[in-house]
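Q: File follows, run.txt with compact mmCIF, C-alpha atoms:
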```txt
# COMPACT_ATOMS: atom_id res chain seq x y z
CA MET Z 1178 -92.56 10.08 -9.23
CA ALA Z 1179 -89.26 11.56 -10.46
CA MET Z 1180 -87.90 14.56 -8.63
CA THR Z 1181 -87.93 17.92 -10.40
CA ASP Z 1182 -84.70 19.81 -11.09
CA GLN Z 1183 -85.55 22.17 -8.26
CA GLU Z 1184 -86.07 19.26 -5.86
CA ASN Z 1185 -82.81 17.64 -6.95
CA ALA Z 1186 -81.03 20.95 -6.49
CA TYR Z 1187 -82.46 21.41 -3.00
CA ALA Z 1188 -81.47 17.86 -2.01
CA ALA Z 1189 -77.92 18.32 -3.36
CA TYR Z 1190 -77.62 21.66 -1.60
CA GLU Z 1191 -78.69 20.21 1.76
CA ARG Z 1192 -76.34 17.25 1.25
CA GLY Z 1193 -73.50 19.68 0.64
CA VAL Z 1194 -74.29 21.57 3.85
CA ALA Z 1195 -74.27 18.31 5.83
CA LEU Z 1196 -70.97 17.24 4.26
CA GLN Z 1197 -69.40 20.61 5.05
CA GLN Z 1198 -70.53 20.32 8.67
CA ALA Z 1199 -69.08 16.80 8.75
CA GLY Z 1200 -65.66 18.11 7.77
CA LYS Z 1201 -65.77 16.90 4.16
CA PRO Z 1202 -65.36 20.13 2.16
CA GLY Z 1203 -64.35 18.44 -1.10
CA GLU Z 1204 -67.48 16.30 -1.15
CA ALA Z 1205 -69.55 19.32 -0.15
CA VAL Z 1206 -68.28 21.24 -3.17
CA ALA Z 1207 -69.15 18.31 -5.45
CA ALA Z 1208 -72.69 18.31 -4.05
CA TRP Z 1209 -73.09 22.06 -4.61
CA TRP Z 1210 -71.88 21.65 -8.18
CA GLN Z 1211 -74.69 19.13 -8.64
CA ALA Z 1212 -77.15 21.56 -7.12
CA VAL Z 1213 -76.38 24.41 -9.52
CA ARG Z 1214 -76.35 22.08 -12.51
CA HIS Z 1215 -79.84 20.96 -11.61
CA ASP Z 1216 -81.01 24.51 -10.94
CA PRO Z 1217 -78.84 27.52 -11.84
CA ALA Z 1218 -81.39 29.72 -10.04
CA HIS Z 1219 -80.27 28.31 -6.66
CA ALA Z 1220 -78.27 31.35 -5.48
CA ALA Z 1221 -77.39 29.88 -2.07
CA ALA Z 1222 -75.82 26.84 -3.72
CA TRP Z 1223 -73.73 29.10 -5.94
CA GLY Z 1224 -72.60 31.11 -2.92
CA ASN Z 1225 -71.59 28.00 -0.98
CA LEU Z 1226 -69.86 26.57 -4.04
CA VAL Z 1227 -67.76 29.70 -4.55
CA LEU Z 1228 -66.82 29.88 -0.88
CA GLY Z 1229 -66.10 26.16 -0.74
CA LEU Z 1230 -63.74 26.29 -3.72
CA ALA Z 1231 -61.95 29.29 -2.26
CA MET Z 1232 -61.55 27.53 1.10
CA LEU Z 1233 -60.06 24.54 -0.72
CA GLY Z 1234 -57.45 26.91 -2.16
CA ASP Z 1235 -58.80 26.70 -5.71
CA GLU Z 1236 -59.40 30.41 -6.20
CA GLY Z 1237 -59.18 30.19 -9.98
CA ARG Z 1238 -62.13 27.77 -10.14
CA ALA Z 1239 -63.93 29.79 -7.48
CA PHE Z 1240 -63.53 32.90 -9.63
CA ASP Z 1241 -64.86 31.11 -12.72
CA ALA Z 1242 -67.78 29.69 -10.74
CA CYS Z 1243 -68.58 33.13 -9.39
CA ARG Z 1244 -68.56 34.61 -12.87
CA GLU Z 1245 -70.94 31.87 -14.05
CA ALA Z 1246 -73.16 32.41 -11.01
CA LEU Z 1247 -73.40 36.14 -11.71
CA ALA Z 1248 -74.60 35.39 -15.24
CA HIS Z 1249 -77.69 33.93 -13.54
CA HIS Z 1250 -77.79 36.31 -10.55
CA PRO Z 1251 -76.22 39.60 -11.70
CA ARG Z 1252 -77.50 41.58 -8.70
CA ASP Z 1253 -76.80 39.06 -5.94
CA MET Z 1254 -74.94 41.01 -3.26
CA ALA Z 1255 -73.09 38.07 -1.72
CA LEU Z 1256 -71.87 36.83 -5.12
CA LEU Z 1257 -70.73 40.33 -6.08
CA ARG Z 1258 -68.73 40.57 -2.85
CA HIS Z 1259 -67.11 37.20 -3.52
CA HIS Z 1260 -66.32 38.30 -7.06
CA VAL Z 1261 -64.61 41.51 -5.95
CA ASN Z 1262 -62.52 39.68 -3.35
CA LEU Z 1263 -61.52 36.87 -5.71
CA ALA Z 1264 -60.67 39.31 -8.50
CA TYR Z 1265 -58.44 41.24 -6.12
CA ALA Z 1266 -56.76 38.07 -4.86
CA LEU Z 1267 -56.05 36.89 -8.40
CA GLY Z 1268 -54.91 40.29 -9.61
CA ASP Z 1269 -57.76 40.77 -12.09
CA LEU Z 1270 -58.26 44.39 -11.12
CA ALA Z 1271 -60.39 45.30 -14.15
CA GLU Z 1272 -62.90 42.61 -13.26
CA GLY Z 1273 -62.77 43.61 -9.60
CA GLU Z 1274 -63.40 47.26 -10.46
CA LYS Z 1275 -66.41 46.36 -12.60
CA ALA Z 1276 -67.96 44.15 -9.90
CA SER Z 1277 -67.26 46.71 -7.16
CA ARG Z 1278 -68.93 49.45 -9.21
CA ILE Z 1279 -72.09 47.36 -9.53
CA LEU Z 1280 -71.98 46.43 -5.85
CA THR Z 1281 -71.67 49.99 -4.57
CA ALA Z 1282 -74.48 51.12 -6.89
CA LEU Z 1283 -76.71 48.47 -5.32
CA ALA Z 1284 -75.53 49.06 -1.75
CA HIS Z 1285 -74.88 52.76 -1.43
CA ASP Z 1286 -74.79 52.63 2.38
CA ASP Z 1287 -72.73 49.44 2.71
CA GLY Z 1288 -69.36 50.48 4.17
CA ALA Z 1289 -67.74 47.12 3.38
CA ALA Z 1290 -68.65 47.45 -0.30
CA TRP Z 1291 -67.04 50.89 -0.49
CA LEU Z 1292 -63.94 49.60 1.31
CA ASN Z 1293 -63.50 46.87 -1.26
CA ARG Z 1294 -63.99 49.28 -4.13
CA GLY Z 1295 -61.43 51.63 -2.63
CA ARG Z 1296 -58.97 48.78 -2.28
CA VAL Z 1297 -59.28 47.87 -5.96
CA LEU Z 1298 -59.04 51.50 -7.12
CA LYS Z 1299 -55.93 51.99 -4.98
CA GLU Z 1300 -54.20 49.13 -6.80
CA LEU Z 1301 -55.26 50.69 -10.10
CA ARG Z 1302 -53.58 53.92 -8.89
CA ARG Z 1303 -56.84 55.82 -9.17
CA HIS Z 1304 -56.00 57.47 -5.88
CA GLU Z 1305 -58.57 60.26 -5.82
CA GLU Z 1306 -61.40 57.82 -6.49
CA ALA Z 1307 -60.04 55.40 -3.90
CA GLU Z 1308 -59.90 58.18 -1.31
CA ALA Z 1309 -63.50 59.12 -2.08
CA CYS Z 1310 -64.51 55.48 -1.53
CA TYR Z 1311 -62.78 55.29 1.82
CA ARG Z 1312 -64.33 58.56 2.94
CA HIS Z 1313 -67.76 57.34 1.84
CA ALA Z 1314 -67.17 54.12 3.80
CA LEU Z 1315 -66.40 56.30 6.81
CA SER Z 1316 -69.70 58.13 6.39
CA CYS Z 1317 -71.56 54.81 6.51
CA GLY Z 1318 -70.50 54.49 10.14
CA THR Z 1319 -70.00 50.71 10.24
CA HIS Z 1320 -66.30 50.15 9.50
CA GLU Z 1321 -64.75 53.39 10.73
CA GLU Z 1322 -61.44 52.04 12.04
CA THR Z 1323 -60.78 49.91 8.95
CA ALA Z 1324 -61.79 52.72 6.61
CA THR Z 1325 -59.53 55.18 8.44
CA PHE Z 1326 -56.64 52.73 8.39
CA ASN Z 1327 -57.07 52.08 4.66
CA LEU Z 1328 -57.28 55.82 4.06
CA ALA Z 1329 -54.06 56.25 6.04
CA ALA Z 1330 -52.23 53.75 3.83
CA LEU Z 1331 -53.47 55.53 0.73
CA LEU Z 1332 -52.38 58.96 2.00
CA LEU Z 1333 -48.99 57.65 3.11
CA GLN Z 1334 -48.41 55.98 -0.23
CA GLN Z 1335 -48.83 59.41 -1.82
CA GLY Z 1336 -46.45 61.06 0.67
CA LYS Z 1337 -49.17 62.97 2.53
CA TRP Z 1338 -47.35 62.42 5.78
CA ARG Z 1339 -49.07 64.59 8.36
CA ASP Z 1340 -52.63 63.57 7.46
CA GLY Z 1341 -51.54 60.01 6.71
CA PHE Z 1342 -49.86 59.40 10.04
CA ALA Z 1343 -52.75 61.03 11.89
CA ALA Z 1344 -55.11 58.53 10.25
CA TYR Z 1345 -52.58 55.73 10.82
CA GLU Z 1346 -53.37 55.94 14.54
CA ALA Z 1347 -56.58 54.06 13.69
CA ARG Z 1348 -54.51 50.86 13.58
CA LEU Z 1349 -54.48 50.92 17.39
CA LYS Z 1350 -58.28 50.43 17.45
CA LEU Z 1351 -58.46 47.52 15.00
CA PRO Z 1352 -59.35 44.01 16.20
CA GLY Z 1353 -56.32 42.06 17.34
CA THR Z 1354 -54.31 45.20 18.04
CA VAL Z 1355 -51.18 44.68 20.12
CA ALA Z 1356 -51.43 46.57 23.41
CA CYS Z 1357 -48.59 48.27 25.24
CA PRO Z 1358 -46.72 45.46 27.05
CA TRP Z 1359 -46.34 47.52 30.24
CA ASP Z 1360 -48.98 49.43 32.14
CA VAL Z 1361 -47.75 52.92 31.29
CA PRO Z 1362 -49.80 56.02 30.36
CA ARG Z 1363 -49.73 57.23 26.77
CA TRP Z 1364 -47.19 59.90 25.88
CA THR Z 1365 -48.63 63.34 25.09
CA PRO Z 1366 -46.95 66.54 23.91
CA ASP Z 1367 -47.31 67.81 27.49
CA THR Z 1368 -45.11 65.03 28.89
CA ALA Z 1369 -42.44 66.77 30.96
CA SER Z 1370 -38.88 67.12 29.69
CA GLY Z 1371 -36.62 64.49 31.20
CA SER Z 1372 -39.42 61.93 31.41
CA LYS Z 1373 -38.65 58.26 30.82
CA ILE Z 1374 -40.47 57.18 27.64
CA LEU Z 1375 -41.06 53.57 26.65
CA LEU Z 1376 -41.07 53.01 22.90
CA TRP Z 1377 -42.81 49.74 22.03
CA ASN Z 1378 -43.59 47.93 18.82
CA ASP Z 1379 -47.16 47.22 17.75
CA GLN Z 1380 -46.16 46.24 14.21
CA GLY Z 1381 -43.83 43.74 12.50
CA LEU Z 1382 -40.07 43.48 12.93
CA GLY Z 1383 -39.37 45.40 9.73
CA ASP Z 1384 -41.71 48.20 10.79
CA ALA Z 1385 -39.86 48.52 14.10
CA ILE Z 1386 -36.54 48.86 12.29
CA MET Z 1387 -37.90 51.50 9.93
CA PHE Z 1388 -39.56 53.62 12.62
CA ALA Z 1389 -36.54 53.45 14.91
CA ARG Z 1390 -34.98 56.25 12.84
CA PHE Z 1391 -37.35 58.71 14.52
CA ALA Z 1392 -36.27 57.90 18.08
CA PRO Z 1393 -33.32 60.34 18.07
CA LEU Z 1394 -35.72 63.17 17.15
CA LEU Z 1395 -37.79 62.52 20.26
CA ALA Z 1396 -34.62 62.29 22.36
CA THR Z 1397 -33.62 65.79 21.21
CA ARG Z 1398 -36.83 67.08 22.83
CA GLY Z 1399 -35.52 66.14 26.25
CA CYS Z 1400 -36.97 62.65 26.61
CA ARG Z 1401 -35.12 59.68 28.02
CA LEU Z 1402 -35.91 56.77 25.73
CA PHE Z 1403 -36.19 53.05 26.37
CA ALA Z 1404 -37.49 50.32 24.06
CA CYS Z 1405 -39.58 47.19 24.60
CA VAL Z 1406 -39.54 45.07 21.45
CA GLN Z 1407 -39.71 41.45 20.33
CA GLN Z 1408 -36.75 39.35 21.47
CA PRO Z 1409 -35.07 39.17 18.02
CA LEU Z 1410 -34.85 42.99 18.05
CA LYS Z 1411 -33.65 43.53 21.62
CA SER Z 1412 -29.87 43.70 21.24
CA LEU Z 1413 -30.20 45.56 17.94
CA PHE Z 1414 -32.37 48.29 19.48
CA ALA Z 1415 -29.78 48.85 22.17
CA THR Z 1416 -27.63 50.39 19.38
CA VAL Z 1417 -30.24 52.99 18.30
CA PRO Z 1418 -29.00 56.54 19.05
CA GLY Z 1419 -31.01 58.08 21.88
CA ILE Z 1420 -32.24 54.77 23.33
CA GLU Z 1421 -30.68 54.13 26.73
CA ALA Z 1422 -31.70 50.48 27.09
CA ALA Z 1423 -33.77 47.85 25.31
CA PHE Z 1424 -36.05 45.20 26.79
CA ASP Z 1425 -38.07 42.34 25.38
CA LEU Z 1426 -41.49 41.02 26.30
CA THR Z 1427 -40.10 38.62 28.91
CA ASP Z 1428 -38.35 41.34 30.90
CA ALA Z 1429 -39.93 42.70 34.06
CA PRO Z 1430 -41.57 46.12 33.60
CA GLN Z 1431 -39.44 49.07 34.64
CA PRO Z 1432 -40.65 52.42 36.02
CA MET Z 1433 -41.64 54.65 33.08
CA ASP Z 1434 -43.44 57.96 32.84
CA ALA Z 1435 -45.12 57.44 29.46
CA ALA Z 1436 -45.23 55.09 26.50
CA LEU Z 1437 -45.49 55.55 22.74
CA PRO Z 1438 -45.70 53.01 19.89
CA LEU Z 1439 -42.74 53.21 17.52
CA ALA Z 1440 -45.07 53.57 14.53
CA SER Z 1441 -46.69 56.59 16.19
CA LEU Z 1442 -43.44 58.57 16.32
CA PRO Z 1443 -43.98 60.57 13.09
CA TYR Z 1444 -47.47 61.54 14.26
CA ALA Z 1445 -46.31 62.42 17.77
CA LEU Z 1446 -43.47 64.49 16.35
CA GLY Z 1447 -45.86 66.33 14.02
CA LEU Z 1448 -43.70 65.67 10.97
CA ASP Z 1449 -44.59 67.05 7.54
CA ASN Z 1450 -41.45 65.51 6.07
CA VAL Z 1451 -40.26 62.06 7.12
CA ASP Z 1452 -37.07 62.06 5.04
CA VAL Z 1453 -34.84 62.24 8.12
CA TRP Z 1454 -32.06 59.92 6.95
CA ASN Z 1455 -28.82 60.92 8.61
CA GLY Z 1456 -26.74 57.85 7.87
CA PRO Z 1457 -27.08 54.35 9.36
CA TYR Z 1458 -28.88 54.35 12.69
CA LEU Z 1459 -28.25 50.73 13.70
CA ARG Z 1460 -24.91 49.07 14.44
CA VAL Z 1461 -23.73 45.50 14.19
CA PRO Z 1462 -23.20 44.39 17.78
CA GLU Z 1463 -19.63 43.24 18.38
CA PRO Z 1464 -18.36 40.64 18.12
CA SER Z 1465 -20.38 38.92 15.37
CA SER Z 1466 -21.66 35.54 16.54
CA PHE Z 1467 -20.77 33.86 13.24
CA CYS Z 1468 -18.00 34.57 10.76
CA LEU Z 1469 -17.88 33.35 7.19
CA PRO Z 1470 -14.60 31.73 6.11
CA PRO Z 1471 -11.98 34.16 4.76
CA ARG Z 1472 -12.26 34.86 1.05
CA THR Z 1473 -9.70 33.23 -1.18
CA ASP Z 1474 -10.66 35.06 -4.39
CA ASP Z 1475 -12.85 37.90 -5.60
CA THR Z 1476 -16.06 35.85 -5.60
CA ARG Z 1477 -19.03 37.95 -4.54
CA ARG Z 1478 -21.11 36.86 -1.57
CA ILE Z 1479 -24.85 37.45 -1.88
CA GLY Z 1480 -27.59 36.65 0.61
CA LEU Z 1481 -31.14 35.62 -0.25
CA VAL Z 1482 -34.51 35.90 1.50
CA TRP Z 1483 -37.48 34.86 -0.65
CA GLY Z 1484 -40.28 34.60 1.91
CA GLY Z 1485 -41.65 36.76 4.69
CA ASN Z 1486 -43.91 36.01 7.62
CA ALA Z 1487 -46.42 33.42 6.39
CA ALA Z 1488 -49.07 34.95 8.67
CA HIS Z 1489 -48.83 38.35 6.95
CA ILE Z 1490 -52.11 39.34 5.29
CA ASN Z 1491 -50.39 39.84 1.91
CA ASP Z 1492 -47.86 37.02 2.13
CA ARG Z 1493 -49.28 35.23 -0.91
CA ASN Z 1494 -48.33 38.24 -3.04
CA ARG Z 1495 -45.19 39.58 -1.41
CA SER Z 1496 -43.37 36.24 -0.96
CA MET Z 1497 -41.93 34.14 -3.77
CA GLN Z 1498 -40.50 30.66 -4.31
CA LEU Z 1499 -36.77 30.04 -4.32
CA ALA Z 1500 -37.31 28.52 -7.76
CA ASP Z 1501 -38.18 32.02 -9.01
CA LEU Z 1502 -34.56 33.04 -8.35
CA VAL Z 1503 -33.00 30.17 -10.31
CA PRO Z 1504 -31.88 32.43 -13.22
CA LEU Z 1505 -29.46 34.15 -10.83
CA PHE Z 1506 -27.63 30.96 -9.93
CA GLY Z 1507 -26.02 30.68 -13.35
CA ILE Z 1508 -24.09 33.94 -12.95
CA PRO Z 1509 -20.40 33.10 -12.46
CA GLY Z 1510 -18.34 34.41 -9.58
CA ILE Z 1511 -21.11 34.48 -6.96
CA GLU Z 1512 -21.37 32.51 -3.74
CA TRP Z 1513 -24.96 32.29 -2.50
CA PHE Z 1514 -26.11 32.30 1.11
CA SER Z 1515 -29.64 31.77 2.42
CA LEU Z 1516 -30.88 33.88 5.32
CA GLN Z 1517 -34.36 32.41 4.92
CA GLN Z 1518 -36.05 31.16 8.06
CA GLY Z 1519 -39.17 29.12 8.71
CA ASP Z 1520 -40.70 26.38 6.61
CA ARG Z 1521 -39.62 27.95 3.31
CA LYS Z 1522 -35.96 27.12 3.93
CA ALA Z 1523 -36.88 23.52 2.98
CA GLU Z 1524 -36.82 24.75 -0.63
CA LEU Z 1525 -33.01 24.92 -0.41
CA THR Z 1526 -32.65 21.18 -1.04
CA ASP Z 1527 -32.17 21.52 -4.78
CA TYR Z 1528 -30.36 24.85 -4.99
CA PRO Z 1529 -26.74 26.05 -4.50
CA ALA Z 1530 -27.15 28.36 -1.52
CA GLN Z 1531 -25.58 27.75 1.87
CA ASP Z 1532 -28.16 27.69 4.66
CA LEU Z 1533 -27.22 30.11 7.46
CA SER Z 1534 -30.53 29.90 9.35
CA GLU Z 1535 -29.05 28.03 12.32
CA HIS Z 1536 -26.86 31.07 13.02
CA LEU Z 1537 -29.79 33.53 13.03
CA ASN Z 1538 -31.09 33.56 16.59
CA SER Z 1539 -31.71 37.30 16.55
CA LEU Z 1540 -31.62 40.18 14.11
CA SER Z 1541 -28.27 41.13 15.60
CA ASP Z 1542 -27.00 37.80 14.25
CA THR Z 1543 -28.56 38.67 10.89
CA ALA Z 1544 -26.85 42.08 10.98
CA GLY Z 1545 -23.50 40.41 11.64
CA ILE Z 1546 -23.89 38.16 8.62
CA LEU Z 1547 -25.17 40.97 6.39
CA SER Z 1548 -22.03 42.94 7.20
CA GLN Z 1549 -19.97 40.09 5.72
CA LEU Z 1550 -21.94 39.94 2.45
CA ASP Z 1551 -21.66 42.10 -0.64
CA LEU Z 1552 -25.40 42.26 -1.24
CA LEU Z 1553 -28.78 41.07 0.02
CA ILE Z 1554 -31.58 40.18 -2.40
CA SER Z 1555 -34.90 39.95 -0.59
CA VAL Z 1556 -38.63 40.30 -0.76
CA ASP Z 1557 -40.22 42.88 1.57
CA THR Z 1558 -39.00 41.49 4.90
CA ALA Z 1559 -37.28 42.52 8.13
CA PRO Z 1560 -33.80 41.56 6.80
CA ALA Z 1561 -34.34 43.99 3.90
CA HIS Z 1562 -35.15 46.81 6.35
CA LEU Z 1563 -32.17 45.79 8.47
CA ALA Z 1564 -29.75 45.95 5.55
CA GLY Z 1565 -31.13 49.37 4.64
CA ALA Z 1566 -30.85 50.69 8.20
CA LEU Z 1567 -27.23 49.50 8.29
CA ASN Z 1568 -26.68 51.23 4.93
CA LEU Z 1569 -25.67 47.94 3.32
CA PRO Z 1570 -26.50 47.12 -0.34
CA VAL Z 1571 -29.92 45.51 -0.73
CA ARG Z 1572 -32.24 44.76 -3.64
CA VAL Z 1573 -35.93 44.35 -2.78
CA LEU Z 1574 -38.55 42.61 -4.92
CA LEU Z 1575 -41.96 44.23 -4.46
CA PRO Z 1576 -45.36 42.72 -5.37
CA ALA Z 1577 -47.83 44.17 -7.86
CA ILE Z 1578 -50.75 43.64 -5.46
CA GLY Z 1579 -50.71 44.93 -1.90
CA CYS Z 1580 -47.35 46.67 -2.10
CA ASP Z 1581 -46.79 48.40 1.22
CA TRP Z 1582 -47.42 52.15 1.41
CA ARG Z 1583 -43.84 52.95 2.42
CA TRP Z 1584 -42.51 52.07 -1.04
CA GLY Z 1585 -44.79 54.50 -2.87
CA SER Z 1586 -46.24 53.66 -6.28
CA GLU Z 1587 -43.27 53.98 -8.59
CA GLY Z 1588 -39.52 54.37 -8.86
CA ASP Z 1589 -36.57 52.17 -7.97
CA ARG Z 1590 -35.19 54.30 -5.14
CA THR Z 1591 -36.51 55.13 -1.70
CA PHE Z 1592 -35.54 57.89 0.69
CA TRP Z 1593 -36.06 55.45 3.55
CA TYR Z 1594 -32.83 53.61 2.67
CA PRO Z 1595 -30.26 55.09 0.26
CA SER Z 1596 -28.49 51.72 -0.15
CA MET Z 1597 -31.69 50.01 -1.33
CA ARG Z 1598 -32.96 49.53 -4.86
CA LEU Z 1599 -36.53 48.45 -5.59
CA PHE Z 1600 -37.66 46.02 -8.28
CA ARG Z 1601 -41.40 46.28 -8.82
CA GLN Z 1602 -43.49 43.40 -10.11
CA ALA Z 1603 -45.51 44.35 -13.19
CA GLN Z 1604 -48.00 41.45 -13.09
CA PRO Z 1605 -49.27 39.66 -9.98
CA ARG Z 1606 -47.22 36.58 -9.01
CA ASN Z 1607 -44.96 36.89 -12.03
CA TRP Z 1608 -41.46 37.49 -10.71
CA THR Z 1609 -39.68 36.69 -13.98
CA PRO Z 1610 -39.12 40.29 -15.22
CA SER Z 1611 -37.95 41.49 -11.80
CA VAL Z 1612 -35.51 38.63 -11.42
CA ALA Z 1613 -34.28 39.22 -14.97
CA ALA Z 1614 -33.62 42.88 -14.12
CA ILE Z 1615 -31.60 41.89 -11.04
CA LYS Z 1616 -29.69 39.33 -13.11
CA GLN Z 1617 -28.83 42.00 -15.65
CA GLU Z 1618 -27.59 44.32 -12.92
CA LEU Z 1619 -25.41 41.59 -11.39
CA GLU Z 1620 -23.93 40.70 -14.76
CA ARG Z 1621 -23.01 44.32 -15.40
CA SER Z 1622 -21.36 44.90 -12.02
```
For this file, write the structure as structure tokens.
A:
Amino acid sequence: MAMTDQENAYAAYERGVALQQAGKPGEAVAAWWQAVRHDPAHAAAWGNLVLGLAMLGDEGRAFDACREALAHHPRDMALLRHHVNLAYALGDLAEGEKASRILTALAHDDGAAWLNRGRVLKELRRHEEAEACYRHALSCGTHEETATFNLAALLLQQGKWRDGFAAYEARLKLPGTVACPWDVPRWTPDTASGSKILLWNDQGLGDAIMFARFAPLLATRGCRLFACVQQPLKSLFATVPGIEAAFDLTDAPQPMDAALPLASLPYALGLDNVDVWNGPYLRVPEPSSFCLPPRTDDTRRIGLVWGGNAAHINDRNRSMQLADLVPLFGIPGIEWFSLQQGDRKAELTDYPAQDLSEHLNSLSDTAGILSQLDLLISVDTAPAHLAGALNLPVRVLLPAIGCDWRWGSEGDRTFWYPSMRLFRQAQPRNWTPSVAAIKQELERS
């Protein structure tokens, strides 16, 4: 007797599960496609199919499959969650907002659903609604640290510094949080004047550079400051005003009275206004470890960084390909230098930029090279922060999705770094207009 469509669907679904467990995800996806073609009512097969396609990196097909699945199962919670996440990842915010609205109506007490809705609304710049979503997620009591952290980013993006940095402390309770490298008690406002305070970095390299500007303010309150940072930052942090010495994670712990994360400085200082720029607060250590050849003409020297840390949660949006910058290479009178590190420097093979990565053993080395260039063009990376902290000219390309809170929501200037100009992406993963704007600026200057 021939099998029914439902029986064929069940068999294909089970075959897909077995193939997935056997480490054959491509074949598993093919089996789940068969399952849903036999029986579109098989919601579990649709869910596995969508997840399988996404895990294979084919988010576009996963998104289309999810949309088709929802036509058959419009109230399926798992499919709605997948749809919101895929819409966000692909930059289809209108679709994501629609799916998140349905999801939160069905799951009023689901904190994760409200978090995802808030995330989409934040990107749509519907800030009040996004804040309400995050606060509702908090009231659900299941994702408190994540909801508080997301709320912090939203408040900080709007310049609500005191409340934003208070909420930003929630980052220290998130899974995978970096702990203080030395066994030192937390700094409090009651810490005695003259105490030795260890400032340590729980964030990325660029974050450390940005927050270092607040160290002198704590020093003026009678604290003796020391820093423990990642090795690439060590010699650079020794130049920060108010910091007596810098250590890295391999150095033996020294006697300290209290410790404070660098990113907690604005909160600890109780700042309502974080525009504390008072000129460059980092110095290029002397002598520079690498010197470019002397100039023989008036050719401009411009550095490039097109990719950040590949492990960053938003790297897919904030990083670009070197090929995206090709329009710049036709501008006459410019000598190009690559400060890109990691696997992405392999993209240099076909492009006219000199690779300087072998000379970049620390951010002090990077600072030395930046001081010899006329301009840095970069995505949102540590070298961009470094150029800004040194008050050197820098142009930063910002993504349309997941743009960091520190850059706000609009404008091409930032009080964080007067020498920096921002170029904001209008459409996700389309860098063409931003690169064209930089090209126009270079041609005019």
Q: Would you list the contacts of Ile1490 of chain Z as JSON, numbers by chain, taking every protein, DNA or RNA residue within 12 Å and counting all atoms listed in the file, but skipping same-chain residues closer than 2 positions in sequence?
A: {"Z": [1266, 1381, 1485, 1486, 1487, 1488, 1492, 1493, 1494, 1495, 1496, 1578, 1579, 1580, 1581]}
Q: Between Z:Pro1358, Z:Pro1509, Z:Gly1193, Z:Gly1585, single out the one closest to Pro1430 of chain Z, counting all atoms listed in the file.
A: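 Comparing Z:Pro1358, Z:Pro1509, Z:Gly1193, Z:Gly1585 against Pro1430 of chain Z, the winner is Z:Pro1358.
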Q: List every protein, DNA or RNA residue with an atom no more than 6 Å from (-45.4, 51.0, 20.4) in the file's coordinates, counting only C-alpha atoms, and format the result as a CSV table (one decimal) with C-alpha atoms, keeping the file's coordinate frame.
A:
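Okay, this is what ended up in out_31.csv:
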```
chain,number,residue,atom,x,y,z
Z,1376,LEU,CA,-41.1,53.0,22.9
Z,1377,TRP,CA,-42.8,49.7,22.0
Z,1378,ASN,CA,-43.6,47.9,18.8
Z,1379,ASP,CA,-47.2,47.2,17.8
Z,1437,LEU,CA,-45.5,55.6,22.7
Z,1438,PRO,CA,-45.7,53.0,19.9
Z,1439,LEU,CA,-42.7,53.2,17.5
```
Q: What does the distance between atom CA of Val1571 of chain Z and atom CA of Leu1442 of chain Z come to in Å, to one decimal place?
A: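 Rounded to one decimal, the two atoms are 25.4 Å apart.
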Q: I'd like the contact shell of Tyr1345 of chain Z - 6 Å cut-off, all atoms listed in the file, skipping same-chain residues fewer than 2 positions apart - returned as a ChimeraX atom specification.
A: /Z:1326,1329,1342-1343,1347-1348
Q: Would you save the residues of that selection, restricted to C-alpha atoms, as a PDB file, in the coordinates of the input?
A:
```pdb
ATOM      1  CA  PHE Z1326     -56.640  52.730   8.390  1.00  0.00           C
ATOM      2  CA  ALA Z1329     -54.060  56.250   6.040  1.00  0.00           C
ATOM      3  CA  PHE Z1342     -49.860  59.400  10.040  1.00  0.00           C
ATOM      4  CA  ALA Z1343     -52.750  61.030  11.890  1.00  0.00           C
ATOM      5  CA  ALA Z1347     -56.580  54.060  13.690  1.00  0.00           C
ATOM      6  CA  ARG Z1348     -54.510  50.860  13.580  1.00  0.00           C
TER       7      ARG Z1348
END
```
Q: Which protein, DNA or RNA residues have an atom at most 10 Å from (-32.9, 47.3, 4.2), counting all atoms listed in the file? List them as a list in words.
A: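 Every residue inside that radius is included here: Gly1383, Ile1386, Met1387, Leu1553, Ile1554, Ser1555, Asp1557, Thr1558, Ala1559, Pro1560, Ala1561, His1562, Leu1563, Ala1564, Gly1565, Ala1566, Leu1567, Asn1568, Leu1569, Pro1570, Val1571, Arg1572, Val1573, Trp1593, Tyr1594, Pro1595, Ser1596, Met1597 and Arg1598 of chain Z.
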Q: Please report the interatomic distance between atom CA of Ala1613 of chain Z and atom CA of Asp1551 of chain Z in Å with one decimal.
A: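 These two atoms are separated by 19.3 Å.
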Q: Atom CA of Ala1255 of chain Z to atom CA of Gly1224 of chain Z: how many Å, to one decimal?
A: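 Atom-to-atom, atom CA of Ala1255 of chain Z and atom CA of Gly1224 of chain Z are spaced 7.1 Å apart.
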Q: Restricting the calculation to all atoms listed in the file: of Z:Asp1501, Z:Asp1527, Z:Glu1346, Z:Glu1463, which residue gets closest to Ser1412 of chain Z?
A: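 For Ser1412 of chain Z, the nearest of the candidates is Z:Glu1463.
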Q: Which residue, Z:Leu1328, Z:Ala1544, Z:Leu1552, Z:Leu1292, has the smallest gap to Arg1278 of chain Z when you use only C-alpha atoms?
A: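 Checking each of Z:Leu1328, Z:Ala1544, Z:Leu1552, Z:Leu1292 against Arg1278 of chain Z, counting only C-alpha atoms, the winner is Z:Leu1292.
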Q: Taking only C-alpha atoms into account, name the residue in Z:Arg1521, Z:Lys1411, Z:Lys1616, Z:Arg1192 that is nearest to Leu1459 of chain Z.
A: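 Checking each of Z:Arg1521, Z:Lys1411, Z:Lys1616, Z:Arg1192 against Leu1459 of chain Z, counting only C-alpha atoms, the winner is Z:Lys1411.
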